[in-house]
Amino acid sequence: MTEIIQDLAASLNMDMDSLAFSKTMDERDSLRRFRDEFSIPLKKDVAGTNLQGDGEESSIYMCGNSLGLMPLRTRNLVMQEFDVWGKKGVEAHWDHPYNRPWATVDEVVKGMMADLVGALPIEVTTMNTLTGNIHALLSAFYRPTVERTKIIIEKKAFPSDHYAVAAQIKLHDLDPESCLITIAPREGEDTLRTEDILNTISMHGSTTAVIMLSGVQYYTGQYFEIEKITAYGHEQGCVVGWDLAHAAGNVPLKLHDWNVDFAAWCSYKYLNSSPGGIAGLFVHEKHANDQRPRLQGWWGNKKEDRFEMKEEFNPTPGASGYQLSNPSVITTICLLGSLQVFHEAGFANLREKSVHLTAYLEALATRVLAPHAANYSIITPKNPDHRGCQISFTFGHGKMMDVFDGLQSHGVICDERKPTCIRIAPTPLYNTYSDVYNAVHILKKVMDQVYGAQ
C-alpha cells in the first residue's frame with residue numbers, strides 16, 4: 001500500500017525517491033541495531049564471476065524468504081555445544097553447564113517458538129524437517145472414510161506439498177486423480193480469492209477429509225485469511241491444517257485462537273536457523289490427549305518414562321507426542337540463537353517495520369521502474385494485510401534470468417522461480433530502507449541494460 005510511504009515522506013517533507021529519505025528512515029528505525037546481530041555477506045563472496053563495483057561492500061541480501069542470514073550469536077552458542085560435547089560426552093544429556101540438557105533440548109525453544117506462531121507451549125514442538133513433519137501430521141489427521149476421501153490444496157502449492165499429499169492418498173490405496181482437489185486463481189489473475197477458496201470447500205466439503213493450504217503462498221507472497229478459511233472448513237466438517245514455511249517469522253499468526261488443527265513450518269527462512277534447520281510442528285490443544293493413530297517414535301513417549309524402554313507407546317500430551325527421534329542438538333541451538341533475537345526485537349515491532357519496508361519497495365519500484373512498465377509486473381497483493389515482506393516481480397520477453405544475473409553481479413541477492421519470477425524480500429531484522437533504495441535503483445540499471453533504456 002504505497003500511501004503508507006507517501007504519507008511518511010510527506011510528513012518529513014522529503015521525496016520518497018531520494019537516498020536522503022531512505023537514510024532518514026534508517027536513522028528513525030528503532031530496530032536498526034538488530035542488523036548488527038547478523039553476518040551480512042560481502043559482495044565479493046556472493047556476486048559471482050561478474051562482480052560489479054566494490055567487492056568489499058556488504059551485499060544487499062533480500063533472500064530471507066529462501067534462507068535467512070546467520071545470527072552472529074548462533075556461532076557462539078553452537079561452539080558452546082561442541083565444547084560441552086567434548087567435556088561431558090553423554091552426560092550432557094542430563095548435566096549441562098549452560099542449562100540446556102540435551103535430553104530436553106527441544107524445551108529450550110518451545111516457549112519462544114509458541115509465541116511466534118500464536119500457540120500454547122503444549123501445542124508446539126521442534127522436530128525433523130518440513131516435509132517429514134507434513135507426512136507425520138497427515139498420517140495422523142488424514143483418516144479417509146467411505147464418505148470423506150479428499151484433500152484440498154492450492155494448485156500452485158510448493159511441489160513438496162503436492163508430493164506429500166499425493167503419497168498419503170496413495171498410502172490409503174486411493175487415487176490422487178479423484179482425491180486431490182486443487183484450487184487455482186481465476187484466469188488472468190495471479191492470486192487466489194478467499195471467496196473462491198470457500199466456494200471450493202463448499203463444493204467438496206462433504207467429501208473432504210483435510211484442507212491443507214499455505215499460510216503465505218511461496219510464489220506470489222499472498223498471505224491467506226487463515227482464520228476465515230479454517231472456520232469455514234470446520235463448518236463443512238473438515239480437518240484444517242497449514243504449511244507455514246513462508247509465514248512463520250514473517251506474518252502475524254494466532255494458531256490457537258484461530259482453532260487451526262495442525263500446522264508445520266521450516267525454520268531456515270525467516271527464522272534464520274541454518275540451512276536445512278530443524279522444523280516446527282503445531283497440534284491444537286483440543287487434540288492434546290487424543291489417541292489417534294500416528295507415526296510413533298521413542299521421543300514422542302512421555303519423558304517421565306521414556307528411558308524405561310517400555311514396549312507400549314505412551315504419548316506425551318500435545319505436539320511433543322508426535323516427535324519421533326531425539327532432535328538434533330546443533331540445529332535446535334542454531335534456532336535458539338535466532339529466536340532470542342526475535343524475542344528481543346518483539347514481533348509486533350518487526351511486523352510494523354516489515355509493512356513499511358515492503359510498502360517502500362513496492363512504491364519505489366512502481367515509480368523508478370515506470371519506464372519499464374511493459375517489461376515487468378508485481379504479482380504480490382497490494383494490501384499489506386494480505387502479504388508478508390516478499391514482493392514477487394515477473395519479467396517479460398524471456399529475460400528474467402538476465403535480470404536476475406544482473407542483480408547478482410551487483411551484489412543484490414534475491415531468488416528466482418522459473419520461468420518469469422524474481423522474489424525480493426526485505427526482511428525487517430536485517431534489511432534497511434537504504435537496502436531497498438539501492439536495490440531498486442540497481443534493478444532499474446539492470447533493466448536498462450537488459451531491455452534497453454526506456
# chains A, B, ... in the order shown; residues from 1 in each chain; ligands from 1
$ residues_around --residues "Phe282 (chain A)" --least-positions-apart "6" --cutoff "10 Å" --atoms "only C-alpha atoms" --output "PyMOL selection string"
chain A and resi 114+117+119-126+133+137+241-242+255-256+260-265+318-320+322
$ residues_around --residues "Ser267 (chain A)" --least-positions-apart "4" --cutoff "9 Å" --atoms "only C-alpha atoms" --output "compact mmCIF listing (two decimals) with N, CA, C and O atoms, in the first residue's frame"
# COMPACT_ATOMS: atom_id res chain seq x y z
N GLY A 68 17.51 -17.51 5.57
CA GLY A 68 17.84 -16.37 6.42
C GLY A 68 19.32 -16.30 6.71
O GLY A 68 20.05 -17.30 6.63
N THR A 129 12.39 -32.16 9.53
CA THR A 129 12.32 -31.02 8.62
C THR A 129 10.91 -30.98 8.05
O THR A 129 10.07 -31.83 8.36
N LEU A 130 10.62 -29.98 7.23
CA LEU A 130 9.22 -29.64 6.94
C LEU A 130 8.43 -30.79 6.31
O LEU A 130 7.35 -31.13 6.81
N ALA A 245 5.61 -22.52 5.96
CA ALA A 245 7.02 -22.34 5.62
C ALA A 245 7.37 -20.88 5.38
O ALA A 245 8.43 -20.40 5.81
N ALA A 248 5.86 -18.39 9.08
CA ALA A 248 6.47 -18.34 10.42
C ALA A 248 7.62 -17.34 10.44
O ALA A 248 8.54 -17.41 9.63
N GLY A 249 7.54 -16.40 11.36
CA GLY A 249 8.56 -15.36 11.47
C GLY A 249 8.37 -14.23 10.48
O GLY A 249 9.17 -13.29 10.46
N LEU A 271 13.18 -17.54 9.92
CA LEU A 271 13.61 -17.85 11.29
C LEU A 271 15.12 -18.08 11.41
O LEU A 271 15.61 -18.35 12.51
N ASN A 272 15.85 -18.00 10.29
CA ASN A 272 17.32 -17.91 10.32
C ASN A 272 18.01 -19.02 11.12
O ASN A 272 18.98 -18.77 11.84
N SER A 273 17.53 -20.25 10.99
CA SER A 273 18.02 -21.29 11.90
C SER A 273 19.16 -22.15 11.34
O SER A 273 19.59 -23.08 12.02
N SER A 274 19.61 -21.88 10.14
CA SER A 274 20.68 -22.63 9.47
C SER A 274 20.09 -23.42 8.30
O SER A 274 18.91 -23.80 8.32
N PRO A 275 20.91 -23.67 7.28
CA PRO A 275 20.42 -24.42 6.10
C PRO A 275 19.87 -25.79 6.51
O PRO A 275 20.54 -26.57 7.18
N GLY A 276 18.64 -26.06 6.10
CA GLY A 276 18.02 -27.34 6.45
C GLY A 276 17.77 -27.50 7.93
O GLY A 276 17.65 -28.63 8.43
N GLY A 277 17.65 -26.39 8.66
CA GLY A 277 17.50 -26.44 10.11
C GLY A 277 16.24 -27.16 10.57
O GLY A 277 15.33 -27.46 9.78
N ILE A 278 16.18 -27.43 11.85
CA ILE A 278 15.07 -28.19 12.42
C ILE A 278 13.75 -27.45 12.21
O ILE A 278 13.70 -26.22 12.21
N ALA A 279 12.69 -28.21 11.99
CA ALA A 279 11.39 -27.64 11.64
C ALA A 279 10.46 -27.61 12.85
O ALA A 279 10.73 -28.20 13.89
N GLY A 280 9.32 -26.94 12.66
CA GLY A 280 8.32 -26.80 13.71
C GLY A 280 7.04 -27.52 13.38
O GLY A 280 6.71 -27.75 12.20
N LEU A 335 18.59 -22.63 16.02
CA LEU A 335 17.29 -21.98 16.10
C LEU A 335 17.18 -21.08 17.32
O LEU A 335 16.63 -19.97 17.26
$ atom_distance --atom1 "CA of Gln340 (chain A)" --atom2 "CA of Asp83 (chain A)"
20.9 Å
$ closest_residue --among "A:Leu429, A:Val240, A:Ile5, A:Cys179" --to "Pro144 (chain A)" --atoms "only C-alpha atoms"
A:Cys179
$ select_by_dssp --residues "region 98-337 of chain A" --states "alpha helix (DSSP H)" --output "PyMOL selection string"
chain A and resi 106-117+130-141+159-171+176-179+194-204+226-235+329-337
$ residues_around --residues "Leu174 (chain A)" --least-positions-apart "3" --cutoff "12 Å" --atoms "only C-alpha atoms" --output "count of residues only"
19
$ atom_distance --atom1 "CA of Val251 (chain A)" --atom2 "CA of Arg351 (chain A)"
6.8 Å
$ closest_residue --among "A:Tyr430, A:Trp298, A:Tyr451, A:Tyr360" --to "Pro41 (chain A)" --atoms "only C-alpha atoms"
A:Tyr430
$ residues_around --residues "Gly215 (chain A)" --least-positions-apart "3" --cutoff "8 Å" --atoms "only C-alpha atoms" --output "PyMOL selection string"
chain A and resi 223-224+226+242-247
$ write_last_selection --atoms "N, CA, C and O atoms" --output "mmCIF file, in the first residue's frame"
data_model
loop_
_atom_site.group_PDB
_atom_site.id
_atom_site.type_symbol
_atom_site.label_atom_id
_atom_site.label_comp_id
_atom_site.auth_asym_id
_atom_site.auth_seq_id
_atom_site.Cartn_x
_atom_site.Cartn_y
_atom_site.Cartn_z
ATOM 1 N N TYR A 223 -0.646 -13.742 1.554
ATOM 2 C CA TYR A 223 -0.939 -14.178 2.928
ATOM 3 C C TYR A 223 -2.428 -14.485 3.005
ATOM 4 O O TYR A 223 -3.265 -13.604 2.884
ATOM 5 N N PHE A 224 -2.752 -15.764 3.195
ATOM 6 C CA PHE A 224 -4.146 -16.176 3.167
ATOM 7 C C PHE A 224 -4.874 -15.816 4.461
ATOM 8 O O PHE A 224 -4.253 -15.638 5.519
ATOM 9 N N ILE A 226 -6.256 -17.052 7.118
ATOM 10 C CA ILE A 226 -6.214 -18.347 7.797
ATOM 11 C C ILE A 226 -7.422 -18.551 8.717
ATOM 12 O O ILE A 226 -8.046 -19.619 8.717
ATOM 13 N N TRP A 242 -2.155 -26.231 7.964
ATOM 14 C CA TRP A 242 -1.468 -25.189 7.201
ATOM 15 C C TRP A 242 0.021 -25.457 7.105
ATOM 16 O O TRP A 242 0.651 -25.863 8.083
ATOM 17 N N ASP A 243 0.564 -25.227 5.912
ATOM 18 C CA ASP A 243 2.010 -25.207 5.707
ATOM 19 C C ASP A 243 2.459 -23.760 5.890
ATOM 20 O O ASP A 243 2.132 -22.888 5.076
ATOM 21 N N LEU A 244 3.218 -23.501 6.931
ATOM 22 C CA LEU A 244 3.603 -22.136 7.295
ATOM 23 C C LEU A 244 5.062 -21.834 6.977
ATOM 24 O O LEU A 244 5.684 -20.979 7.603
ATOM 25 N N ALA A 245 5.610 -22.516 5.956
ATOM 26 C CA ALA A 245 7.021 -22.340 5.617
ATOM 27 C C ALA A 245 7.370 -20.880 5.376
ATOM 28 O O ALA A 245 8.426 -20.402 5.811
ATOM 29 N N HIS A 246 6.492 -20.147 4.685
ATOM 30 C CA HIS A 246 6.766 -18.747 4.352
ATOM 31 C C HIS A 246 6.000 -17.784 5.261
ATOM 32 O O HIS A 246 6.017 -16.575 5.013
ATOM 33 N N ALA A 247 5.378 -18.322 6.287
ATOM 34 C CA ALA A 247 4.602 -17.487 7.207
ATOM 35 C C ALA A 247 5.268 -17.330 8.564
ATOM 36 O O ALA A 247 5.256 -16.238 9.150
#
$ residues_around --residues "Val105 (chain A)" --least-positions-apart "3" --cutoff "10 Å" --atoms "only C-alpha atoms" --output "VMD selection string"
chain A and resid 93 99 to 102 108 to 110 126 326 to 330 332 to 333
$ write_last_selection --atoms "all heavy atoms" --output "short mmCIF file (atom, residue, chain, number, x, y, z; two decimals), in the first residue's frame"
data_model
loop_
_atom_site.label_atom_id
_atom_site.label_comp_id
_atom_site.auth_asym_id
_atom_site.auth_seq_id
_atom_site.Cartn_x
_atom_site.Cartn_y
_atom_site.Cartn_z
N HIS A 93 23.49 -34.96 28.36
CA HIS A 93 22.04 -35.14 28.23
C HIS A 93 21.31 -34.73 29.51
O HIS A 93 20.14 -34.35 29.46
CB HIS A 93 21.71 -36.60 27.89
CG HIS A 93 21.93 -36.95 26.46
ND1 HIS A 93 23.15 -37.34 25.96
CD2 HIS A 93 21.06 -36.97 25.41
CE1 HIS A 93 23.03 -37.59 24.67
NE2 HIS A 93 21.78 -37.37 24.30
N ASN A 99 22.78 -25.05 31.16
CA ASN A 99 21.38 -25.33 31.48
C ASN A 99 20.55 -25.62 30.22
O ASN A 99 19.41 -25.19 30.10
CB ASN A 99 20.76 -24.16 32.26
CG ASN A 99 19.50 -24.57 33.00
OD1 ASN A 99 19.35 -25.73 33.39
ND2 ASN A 99 18.58 -23.62 33.18
N ARG A 100 21.15 -26.37 29.30
CA ARG A 100 20.45 -26.81 28.10
C ARG A 100 20.64 -28.32 27.95
O ARG A 100 21.20 -28.79 26.97
CB ARG A 100 20.98 -26.09 26.86
CG ARG A 100 20.82 -24.59 26.88
CD ARG A 100 21.10 -23.96 25.52
NE ARG A 100 22.48 -24.12 25.07
CZ ARG A 100 23.43 -23.18 25.20
NH1 ARG A 100 23.13 -22.02 25.79
NH2 ARG A 100 24.66 -23.40 24.76
N PRO A 101 20.22 -29.13 28.95
CA PRO A 101 20.46 -30.58 28.86
C PRO A 101 19.86 -31.15 27.58
O PRO A 101 18.73 -30.84 27.20
CB PRO A 101 19.78 -31.13 30.11
CG PRO A 101 18.84 -30.05 30.57
CD PRO A 101 19.45 -28.76 30.15
N TRP A 102 20.63 -31.99 26.92
CA TRP A 102 20.23 -32.48 25.61
C TRP A 102 18.97 -33.35 25.66
O TRP A 102 18.24 -33.43 24.67
CB TRP A 102 21.38 -33.27 24.99
CG TRP A 102 22.60 -32.43 24.74
CD1 TRP A 102 22.66 -31.07 24.66
CD2 TRP A 102 23.92 -32.90 24.55
NE1 TRP A 102 23.95 -30.65 24.43
CE2 TRP A 102 24.76 -31.76 24.36
CE3 TRP A 102 24.51 -34.18 24.53
CZ2 TRP A 102 26.12 -31.87 24.13
CZ3 TRP A 102 25.88 -34.28 24.30
CH2 TRP A 102 26.67 -33.13 24.11
N VAL A 108 13.96 -25.91 25.29
CA VAL A 108 14.66 -24.63 25.35
C VAL A 108 14.05 -23.62 24.37
O VAL A 108 14.03 -22.42 24.63
CB VAL A 108 16.16 -24.83 25.05
CG1 VAL A 108 16.88 -23.50 24.94
CG2 VAL A 108 16.81 -25.70 26.13
N VAL A 109 13.53 -24.11 23.25
CA VAL A 109 12.98 -23.21 22.22
C VAL A 109 11.46 -23.21 22.19
O VAL A 109 10.85 -22.41 21.47
CB VAL A 109 13.54 -23.58 20.83
CG1 VAL A 109 15.04 -23.37 20.77
CG2 VAL A 109 13.17 -25.00 20.44
N LYS A 110 10.83 -24.09 22.93
CA LYS A 110 9.38 -24.29 22.83
C LYS A 110 8.59 -23.01 23.10
O LYS A 110 7.69 -22.64 22.34
CB LYS A 110 8.95 -25.39 23.80
CG LYS A 110 7.47 -25.72 23.72
CD LYS A 110 7.07 -26.73 24.80
CE LYS A 110 7.55 -28.11 24.48
NZ LYS A 110 6.72 -28.77 23.43
N THR A 126 9.58 -28.90 18.11
CA THR A 126 10.53 -28.84 17.01
C THR A 126 11.01 -30.25 16.71
O THR A 126 11.37 -31.00 17.62
CB THR A 126 11.72 -27.94 17.34
OG1 THR A 126 12.23 -28.26 18.65
CG2 THR A 126 11.30 -26.48 17.34
N ASN A 326 15.19 -38.33 18.84
CA ASN A 326 15.69 -37.18 19.58
C ASN A 326 16.12 -36.08 18.61
O ASN A 326 16.78 -36.35 17.61
CB ASN A 326 16.85 -37.58 20.51
CG ASN A 326 17.91 -38.38 19.83
OD1 ASN A 326 17.63 -39.23 18.99
ND2 ASN A 326 19.16 -38.12 20.19
N PRO A 327 15.75 -34.84 18.89
CA PRO A 327 16.04 -33.76 17.96
C PRO A 327 17.53 -33.44 17.91
O PRO A 327 18.26 -33.64 18.88
CB PRO A 327 15.25 -32.58 18.54
CG PRO A 327 15.10 -32.89 19.99
CD PRO A 327 15.00 -34.39 20.07
N SER A 328 17.96 -32.95 16.77
CA SER A 328 19.35 -32.54 16.62
C SER A 328 19.67 -31.39 17.57
O SER A 328 19.02 -30.34 17.53
CB SER A 328 19.61 -32.08 15.18
OG SER A 328 20.77 -31.29 15.09
N VAL A 329 20.63 -31.59 18.42
CA VAL A 329 21.03 -30.55 19.37
C VAL A 329 21.59 -29.34 18.62
O VAL A 329 21.23 -28.19 18.91
CB VAL A 329 22.06 -31.07 20.38
CG1 VAL A 329 22.65 -29.93 21.20
CG2 VAL A 329 21.42 -32.11 21.29
N ILE A 330 22.43 -29.57 17.63
CA ILE A 330 23.09 -28.46 16.94
C ILE A 330 22.07 -27.58 16.22
O ILE A 330 22.12 -26.35 16.32
CB ILE A 330 24.16 -29.00 15.97
CG1 ILE A 330 25.23 -29.78 16.73
CG2 ILE A 330 24.78 -27.85 15.17
CD1 ILE A 330 25.93 -28.98 17.81
N THR A 332 18.88 -27.36 16.80
CA THR A 332 18.00 -26.72 17.79
C THR A 332 18.66 -25.49 18.39
O THR A 332 18.02 -24.45 18.58
CB THR A 332 17.62 -27.72 18.90
OG1 THR A 332 16.96 -28.85 18.32
CG2 THR A 332 16.69 -27.07 19.92
N ILE A 333 19.94 -25.58 18.67
CA ILE A 333 20.66 -24.44 19.24
C ILE A 333 20.84 -23.34 18.19
O ILE A 333 20.82 -22.14 18.53
CB ILE A 333 22.02 -24.90 19.82
CG1 ILE A 333 21.77 -25.86 20.99
CG2 ILE A 333 22.84 -23.71 20.28
CD1 ILE A 333 20.84 -25.33 22.08
#
$ residues_around --residues "His204 (chain A)" --least-positions-apart "5" --cutoff "9 Å" --atoms "only C-alpha atoms" --output "list in words"
Lys150, Ile152, Ile181, Asn199 and Gln236 of chain A
